[in-house]
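Text of coords27.cif (mmCIF, C-alpha atoms and all ligand atoms) as supplied:
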```
data_work
loop_
_atom_site.label_atom_id
_atom_site.label_comp_id
_atom_site.auth_asym_id
_atom_site.auth_seq_id
_atom_site.Cartn_x
_atom_site.Cartn_y
_atom_site.Cartn_z
CA MET A 5 -48.79 -26.85 24.83
CA SER A 6 -50.32 -29.23 22.31
CA ASP A 7 -47.85 -32.06 23.09
CA LEU A 8 -48.62 -31.85 26.81
CA ALA A 9 -50.77 -34.83 27.70
CA PRO A 10 -53.55 -34.09 30.21
CA PRO A 11 -52.36 -35.02 33.75
CA ARG A 12 -53.29 -38.49 34.98
CA LEU A 13 -55.47 -38.68 38.05
CA VAL A 14 -53.30 -39.61 41.03
CA SER A 15 -55.99 -42.04 42.23
CA SER A 16 -55.60 -44.09 39.03
CA LEU A 17 -51.93 -44.83 39.80
CA PRO A 18 -51.04 -47.99 41.72
CA THR A 19 -50.65 -46.98 45.35
CA PRO A 20 -47.81 -48.51 47.37
CA GLU A 21 -49.18 -50.09 50.51
CA THR A 22 -46.43 -50.13 53.13
CA PRO A 23 -44.55 -47.15 54.62
CA GLU A 24 -41.30 -48.50 53.09
CA ALA A 25 -42.87 -48.81 49.61
CA VAL A 26 -44.39 -45.30 49.90
CA ALA A 27 -41.00 -43.86 50.90
CA LEU A 28 -39.28 -45.69 48.01
CA HIS A 29 -41.89 -44.50 45.51
CA PHE A 30 -41.56 -40.92 46.77
CA THR A 31 -37.75 -41.08 46.59
CA GLU A 32 -37.76 -42.48 43.07
CA LEU A 33 -40.17 -39.88 41.72
CA THR A 34 -38.31 -37.00 43.38
CA LEU A 35 -34.97 -38.22 42.00
CA GLN A 36 -36.40 -38.67 38.51
CA LEU A 37 -37.78 -35.12 38.54
CA ALA A 38 -34.46 -33.68 39.77
CA GLU A 39 -32.57 -35.72 37.15
CA LEU A 40 -34.81 -34.59 34.32
CA LEU A 41 -34.62 -30.89 35.22
CA LEU A 42 -30.86 -31.08 35.68
CA HIS A 43 -30.47 -32.81 32.32
CA GLU A 44 -32.53 -30.11 30.58
CA MET A 45 -30.55 -27.35 32.27
CA HIS A 46 -27.28 -28.96 31.15
CA ARG A 47 -28.63 -29.22 27.60
CA PHE A 48 -29.68 -25.56 27.60
CA ALA A 49 -26.32 -24.49 29.11
CA THR A 50 -24.38 -26.40 26.43
CA LEU A 51 -26.48 -24.87 23.64
CA HIS A 52 -25.73 -21.40 25.02
CA ARG A 53 -22.03 -22.13 25.66
CA MET A 54 -22.41 -21.62 29.40
CA ASP A 55 -21.66 -23.63 32.48
CA ILE A 56 -24.65 -24.85 34.48
CA VAL A 57 -23.50 -22.81 37.50
CA HIS A 58 -23.88 -19.66 35.38
CA LEU A 59 -27.48 -20.58 34.65
CA ARG A 60 -28.20 -21.38 38.29
CA ALA A 61 -26.76 -17.98 39.28
CA LEU A 62 -28.90 -16.14 36.72
CA LEU A 63 -32.03 -18.02 37.81
CA PHE A 64 -31.46 -17.07 41.43
CA LEU A 65 -30.52 -13.44 40.81
CA ASP A 66 -33.60 -12.98 38.64
CA ARG A 67 -35.75 -13.78 41.69
CA ALA A 68 -33.63 -12.56 44.63
CA ASN A 69 -34.66 -9.56 46.76
CA ARG A 70 -32.39 -6.68 47.77
CA TYR A 71 -31.12 -8.51 50.89
CA SER A 72 -30.09 -11.52 48.82
CA ASN A 73 -28.76 -10.37 45.42
CA THR A 74 -25.17 -10.24 46.71
CA LEU A 75 -22.17 -12.54 46.41
CA GLY A 76 -22.90 -13.95 49.88
CA GLY A 77 -26.58 -14.53 49.10
CA LEU A 78 -25.72 -16.27 45.85
CA ALA A 79 -23.06 -18.46 47.51
CA ASP A 80 -25.55 -19.49 50.23
CA TYR A 81 -28.23 -20.29 47.69
CA LEU A 82 -25.93 -22.37 45.48
CA GLY A 83 -24.22 -24.04 48.44
CA LEU A 84 -20.79 -22.98 47.10
CA THR A 85 -17.93 -20.92 48.51
CA LYS A 86 -17.77 -17.19 47.84
CA GLY A 87 -14.47 -17.77 45.96
CA THR A 88 -16.05 -20.22 43.51
CA VAL A 89 -19.09 -18.03 43.04
CA SER A 90 -17.06 -14.87 42.44
CA LYS A 91 -15.39 -16.53 39.40
CA SER A 92 -18.81 -17.28 37.91
CA VAL A 93 -20.01 -13.76 38.68
CA ALA A 94 -16.91 -12.30 36.98
CA TRP A 95 -17.60 -14.42 33.88
CA LEU A 96 -21.26 -13.36 33.80
CA GLU A 97 -20.24 -9.73 34.16
CA GLN A 98 -17.61 -9.93 31.39
CA THR A 99 -20.08 -11.57 29.03
CA GLY A 100 -22.68 -8.88 29.71
CA TYR A 101 -25.27 -10.91 31.61
CA LEU A 102 -24.79 -9.18 34.98
CA ARG A 103 -23.89 -5.77 36.39
CA ARG A 104 -22.95 -4.68 39.91
CA THR A 105 -23.96 -1.62 41.92
CA PRO A 106 -22.71 -0.63 45.38
CA ASP A 107 -25.18 -0.68 48.28
CA SER A 108 -26.44 2.81 49.15
CA GLN A 109 -25.65 2.36 52.88
CA ASP A 110 -22.69 -0.03 52.93
CA ARG A 111 -20.30 0.76 50.04
CA ARG A 112 -18.38 -2.53 50.61
CA LEU A 113 -21.51 -4.46 49.66
CA GLN A 114 -22.37 -4.91 46.00
CA HIS A 115 -25.72 -5.88 44.49
CA LEU A 116 -25.85 -8.09 41.42
CA TRP A 117 -28.45 -7.32 38.77
CA LEU A 118 -29.35 -9.10 35.56
CA THR A 119 -28.88 -7.08 32.38
CA GLU A 120 -31.37 -7.37 29.52
CA PRO A 121 -29.43 -10.27 27.89
CA GLY A 122 -29.29 -11.96 31.35
CA SER A 123 -33.09 -11.67 31.78
CA ASP A 124 -33.53 -12.91 28.24
CA VAL A 125 -31.53 -16.10 29.01
CA VAL A 126 -33.68 -16.73 32.10
CA GLN A 127 -36.93 -16.28 30.15
CA ARG A 128 -35.72 -18.68 27.45
CA LEU A 129 -34.61 -21.23 30.06
CA LEU A 130 -38.01 -21.10 31.81
CA ALA A 131 -39.75 -21.56 28.47
CA HIS A 132 -37.42 -24.51 27.75
CA LEU A 133 -38.20 -26.20 31.10
CA ARG A 134 -41.97 -25.74 30.52
CA LEU A 135 -42.91 -25.90 34.21
CA GLY A 136 -45.32 -22.98 33.68
CA ASP A 137 -47.02 -24.91 30.87
CA ILE A 138 -47.35 -27.96 33.10
CA ALA A 139 -48.91 -25.85 35.89
CA ARG A 140 -51.43 -24.33 33.46
CA CYS A 141 -52.23 -27.77 32.10
CA MET A 142 -52.79 -29.21 35.61
CA GLY A 143 -55.11 -26.35 36.63
CA MET A 144 -55.20 -24.15 39.75
CA PRO A 145 -56.23 -26.52 42.58
CA GLU A 146 -53.78 -29.29 41.60
CA THR A 147 -50.94 -26.80 41.11
CA GLN A 148 -51.64 -25.17 44.49
CA GLN A 149 -51.70 -28.59 46.15
CA ALA A 150 -48.45 -29.62 44.42
CA THR A 151 -46.83 -26.30 45.40
CA ARG A 152 -47.73 -26.77 49.08
CA MET A 153 -46.30 -30.29 48.98
CA LEU A 154 -43.10 -29.22 47.23
CA ARG A 155 -42.63 -26.36 49.72
CA GLN A 156 -42.88 -28.83 52.59
CA VAL A 157 -40.44 -31.28 50.97
CA LEU A 158 -37.99 -28.51 50.10
CA SER A 159 -37.98 -26.86 53.54
CA THR A 160 -37.53 -30.25 55.23
CA CYS A 161 -34.60 -31.07 52.89
CA GLN A 162 -33.03 -27.67 53.56
CA ARG A 163 -33.40 -28.13 57.32
CA LEU A 164 -31.96 -31.69 57.27
CA ASN A 165 -29.03 -30.55 55.11
CA GLN A 166 -28.52 -27.44 57.26
CA ARG A 167 -29.00 -25.17 54.28
CA ARG A 168 -30.46 -21.71 54.61
CA THR A 169 -34.19 -21.67 53.87
CA PHE A 170 -34.69 -19.25 51.01
CA GLY A 171 -38.36 -18.45 50.53
CA ILE A 172 -40.70 -15.94 48.94
CA CYS A 173 -40.84 -12.88 51.19
CA GLN A 174 -44.63 -12.67 51.31
CA GLY A 175 -44.82 -16.03 53.14
CA CYS A 176 -42.22 -15.12 55.79
CA ARG A 177 -43.09 -14.79 59.47
CA HIS A 178 -41.56 -11.26 59.48
CA HIS A 179 -43.67 -10.00 56.57
CA GLN A 180 -46.29 -7.50 57.68
CA ARG A 181 -49.07 -5.66 55.85
CA THR A 182 -49.49 -2.01 56.80
CA SER A 183 -51.72 0.72 55.39
CA GLN A 184 -48.68 1.88 53.35
CA GLY A 185 -47.95 -1.62 51.93
CA GLY A 186 -45.52 -4.40 52.92
CA PHE A 187 -43.09 -4.08 55.84
CA CYS A 188 -40.23 -6.30 57.06
CA GLY A 189 -40.38 -6.82 60.84
CA LEU A 190 -36.76 -8.09 60.86
CA THR A 191 -35.03 -5.23 59.03
CA GLN A 192 -37.73 -2.65 59.92
CA GLU A 193 -37.84 -1.49 56.30
CA PRO A 194 -40.75 -1.07 53.89
CA LEU A 195 -41.25 -3.65 51.13
CA ASP A 196 -42.97 -2.83 47.87
CA ASP A 197 -45.03 -5.41 46.00
CA ASP A 198 -42.11 -6.43 43.79
CA GLN A 199 -39.78 -7.07 46.77
CA SER A 200 -42.55 -8.99 48.57
CA GLN A 201 -42.66 -11.48 45.66
CA ARG A 202 -38.92 -12.20 45.67
CA LEU A 203 -36.66 -14.78 47.32
CA CYS A 204 -34.99 -13.77 50.58
CA ARG A 205 -32.02 -15.31 52.41
CA GLU A 206 -33.48 -14.12 55.74
CA PHE A 207 -36.78 -15.91 55.13
CA GLU A 208 -38.29 -17.73 58.08
CA ALA A 209 -41.30 -20.00 57.73
CA PRO A 210 -44.45 -18.76 59.48
CA ALA A 211 -44.83 -19.72 63.15
CA TRP A 212 -47.80 -22.02 62.42
CA LEU A 213 -45.41 -24.34 60.52
CA ASP A 214 -43.15 -24.79 63.64
S1 LIG A 301 -40.11 -10.23 55.63
FE1 LIG A 301 -38.77 -12.03 55.78
S2 LIG A 301 -38.43 -12.65 53.69
FE2 LIG A 301 -39.21 -10.54 53.62
S3 LIG A 301 -37.40 -9.24 53.62
FE3 LIG A 301 -37.99 -9.51 55.75
S4 LIG A 301 -36.81 -11.26 56.45
FE4 LIG A 301 -36.75 -11.29 54.22
#
```
Please rewrite the model in this file as structure tokens.
Amino acid sequence: MSDLAPPRLVSSLPTPETPEAVALHFTELTLQLAELLLHEMHRFATLHRMDIVHLRALLFLDRANRYSNTLGGLADYLGLTKGTVSKSVAWLEQTGYLRRTPDSQDRRLQHLWLTEPGSDVVQRLLAHLRLGDIARCMGMPETQQATRMLRQVLSTCQRLNQRRTFGICQGCRHHQRTSQGGFCGLTQEPLDDDQSQRLCREFEAPAWLD
């Protein structure tokens, strides 16, 4: 943490003054952030003798809920075909980072789970990217504000690119709180606290964001 400079106040930065300049500034910053994170992920993947798609798969499966930790869910999230993704899954399974279990109701469906070495890689990658450190350094209000903004940018990008909107279950329009805990109004199944914190491929933004 010691090499993390305190965040600069946004108001002290030069502010572009026309809609075109604002859009350009926004585009440039977003691209730089994406570039930097991608570069660091490539570096980490090379150090660990993996392909970046393996890392992306592990990152997703570490956070996916039980409706999403399947080959189809992973392919949707990565924007790749099931064929391409199944090769990566096979590699991750052979190298001991993943295991599969059949679904209790539909035996044709398989769930993908991280093994201990798989979770360990994800924890080390998150530590390497240091986004948690940055959030702690910025403080709660700024991080909450940045998170709201990023959520809006991401869901707009996903909509414009016709990609499925993966989101954290708790914020979904189908998520309900009952006296017994969480409940999914779409699947009509209970959700424990852990599942309510995970990413879901069936996520739909709350109605007030329509
Ligand atoms: S409440 Fe929404 S996000 Fe949660 S499991 Fe149901 S559909 Fe998925």
> What is the distance between atom CA of Gly136 of chain A and atom CA of Leu154 of chain A, in Å to one decimal?
Replying inline: 15.1 Å
If the box runs along x, y and z of the file and leaves 8 Å on each side of ligand LIG 301 (chain A), what are its centre and edge lengths in Å, one decimal, as AutoDock Vina command-line options?
```
--center_x -38.4 --center_y -10.9 --center_z 55.0 --size_x 19.4 --size_y 19.4 --size_z 18.8
```
>> Please list as a list in words every residue within 8 Å of Leu113 of chain A, counting only C-alpha atoms and excluding residues in the same chain fewer than 5 positions away.
In response: Thr74, Pro106 and Asp107 of chain A
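Atom CA of Gln166 of chain A is positioned 28.4 Å from atom CA of Ala49 of chain A.
The spacing separating atom CA of Arg111 of chain A from atom CA of Glu206 of chain A amounts to 20.7 Å.
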Show me which residues are within 10 Å of ligand LIG 301 (chain A) counting all atoms listed in the file, and format the list as an mmCIF file with C-alpha atoms, in the frame of the given file.
```cif
data_model
loop_
_atom_site.group_PDB
_atom_site.id
_atom_site.type_symbol
_atom_site.label_atom_id
_atom_site.label_comp_id
_atom_site.auth_asym_id
_atom_site.auth_seq_id
_atom_site.Cartn_x
_atom_site.Cartn_y
_atom_site.Cartn_z
ATOM 1 C CA ASN A 69 -34.660 -9.560 46.760
ATOM 2 C CA ARG A 70 -32.390 -6.680 47.770
ATOM 3 C CA TYR A 71 -31.120 -8.510 50.890
ATOM 4 C CA SER A 72 -30.090 -11.520 48.820
ATOM 5 C CA THR A 169 -34.190 -21.670 53.870
ATOM 6 C CA PHE A 170 -34.690 -19.250 51.010
ATOM 7 C CA GLY A 171 -38.360 -18.450 50.530
ATOM 8 C CA ILE A 172 -40.700 -15.940 48.940
ATOM 9 C CA CYS A 173 -40.840 -12.880 51.190
ATOM 10 C CA GLN A 174 -44.630 -12.670 51.310
ATOM 11 C CA GLY A 175 -44.820 -16.030 53.140
ATOM 12 C CA CYS A 176 -42.220 -15.120 55.790
ATOM 13 C CA ARG A 177 -43.090 -14.790 59.470
ATOM 14 C CA HIS A 178 -41.560 -11.260 59.480
ATOM 15 C CA HIS A 179 -43.670 -10.000 56.570
ATOM 16 C CA GLN A 180 -46.290 -7.500 57.680
ATOM 17 C CA GLY A 186 -45.520 -4.400 52.920
ATOM 18 C CA PHE A 187 -43.090 -4.080 55.840
ATOM 19 C CA CYS A 188 -40.230 -6.300 57.060
ATOM 20 C CA GLY A 189 -40.380 -6.820 60.840
ATOM 21 C CA LEU A 190 -36.760 -8.090 60.860
ATOM 22 C CA THR A 191 -35.030 -5.230 59.030
ATOM 23 C CA GLN A 192 -37.730 -2.650 59.920
ATOM 24 C CA GLU A 193 -37.840 -1.490 56.300
ATOM 25 C CA PRO A 194 -40.750 -1.070 53.890
ATOM 26 C CA LEU A 195 -41.250 -3.650 51.130
ATOM 27 C CA GLN A 199 -39.780 -7.070 46.770
ATOM 28 C CA SER A 200 -42.550 -8.990 48.570
ATOM 29 C CA GLN A 201 -42.660 -11.480 45.660
ATOM 30 C CA ARG A 202 -38.920 -12.200 45.670
ATOM 31 C CA LEU A 203 -36.660 -14.780 47.320
ATOM 32 C CA CYS A 204 -34.990 -13.770 50.580
ATOM 33 C CA ARG A 205 -32.020 -15.310 52.410
ATOM 34 C CA GLU A 206 -33.480 -14.120 55.740
ATOM 35 C CA PHE A 207 -36.780 -15.910 55.130
ATOM 36 C CA GLU A 208 -38.290 -17.730 58.080
ATOM 37 C CA ALA A 209 -41.300 -20.000 57.730
ATOM 38 C CA PRO A 210 -44.450 -18.760 59.480
#
```
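Using all atoms listed in the file for every distance, the candidate list A:Asn73, A:Gln98, A:Gln149, A:Ser90 yields A:Asn73 as the residue closest to His115 of chain A.
Of the listed residues A:Gln127, A:Thr99, A:Thr34, A:Gln109, the one whose atoms come nearest to Met153 of chain A is A:Thr34, with distances taken using all atoms listed in the file.
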>> List as a ChimeraX atom specification the protein and nucleic acid residues near Val125 of chain A, meaning an atom at most 12 Å away when only C-alpha atoms are counted, but skip any in the same chain fewer than 5 places from it.
In response: /A:45,48-49,51-54,58-63,66,96,100-102,118-120,130-132
Take the residues from that selection and write them out as a compact mmCIF listing (two decimals), in the coordinates of the input, keeping C-alpha atoms.
```
# COMPACT_ATOMS: atom_id res chain seq x y z
CA MET A 45 -30.55 -27.35 32.27
CA PHE A 48 -29.68 -25.56 27.60
CA ALA A 49 -26.32 -24.49 29.11
CA LEU A 51 -26.48 -24.87 23.64
CA HIS A 52 -25.73 -21.40 25.02
CA ARG A 53 -22.03 -22.13 25.66
CA MET A 54 -22.41 -21.62 29.40
CA HIS A 58 -23.88 -19.66 35.38
CA LEU A 59 -27.48 -20.58 34.65
CA ARG A 60 -28.20 -21.38 38.29
CA ALA A 61 -26.76 -17.98 39.28
CA LEU A 62 -28.90 -16.14 36.72
CA LEU A 63 -32.03 -18.02 37.81
CA ASP A 66 -33.60 -12.98 38.64
CA LEU A 96 -21.26 -13.36 33.80
CA GLY A 100 -22.68 -8.88 29.71
CA TYR A 101 -25.27 -10.91 31.61
CA LEU A 102 -24.79 -9.18 34.98
CA LEU A 118 -29.35 -9.10 35.56
CA THR A 119 -28.88 -7.08 32.38
CA GLU A 120 -31.37 -7.37 29.52
CA LEU A 130 -38.01 -21.10 31.81
CA ALA A 131 -39.75 -21.56 28.47
CA HIS A 132 -37.42 -24.51 27.75
```
> Which of these residues is nearest to Leu41 of chain A, using all atoms listed in the file: A:Arg167, A:His29, A:Arg67, A:Arg134?
Replying inline: A:Arg134
>> Taking (-25.8, -17.8, 54.1) in the coordinates of the supplied file, I want to know which residues reach to within 9 Å of it, counting all atoms listed in the file; could you give the answer as an MDAnalysis selection string?
In response: chainID A and resid 76:81 83 167:168 205:206
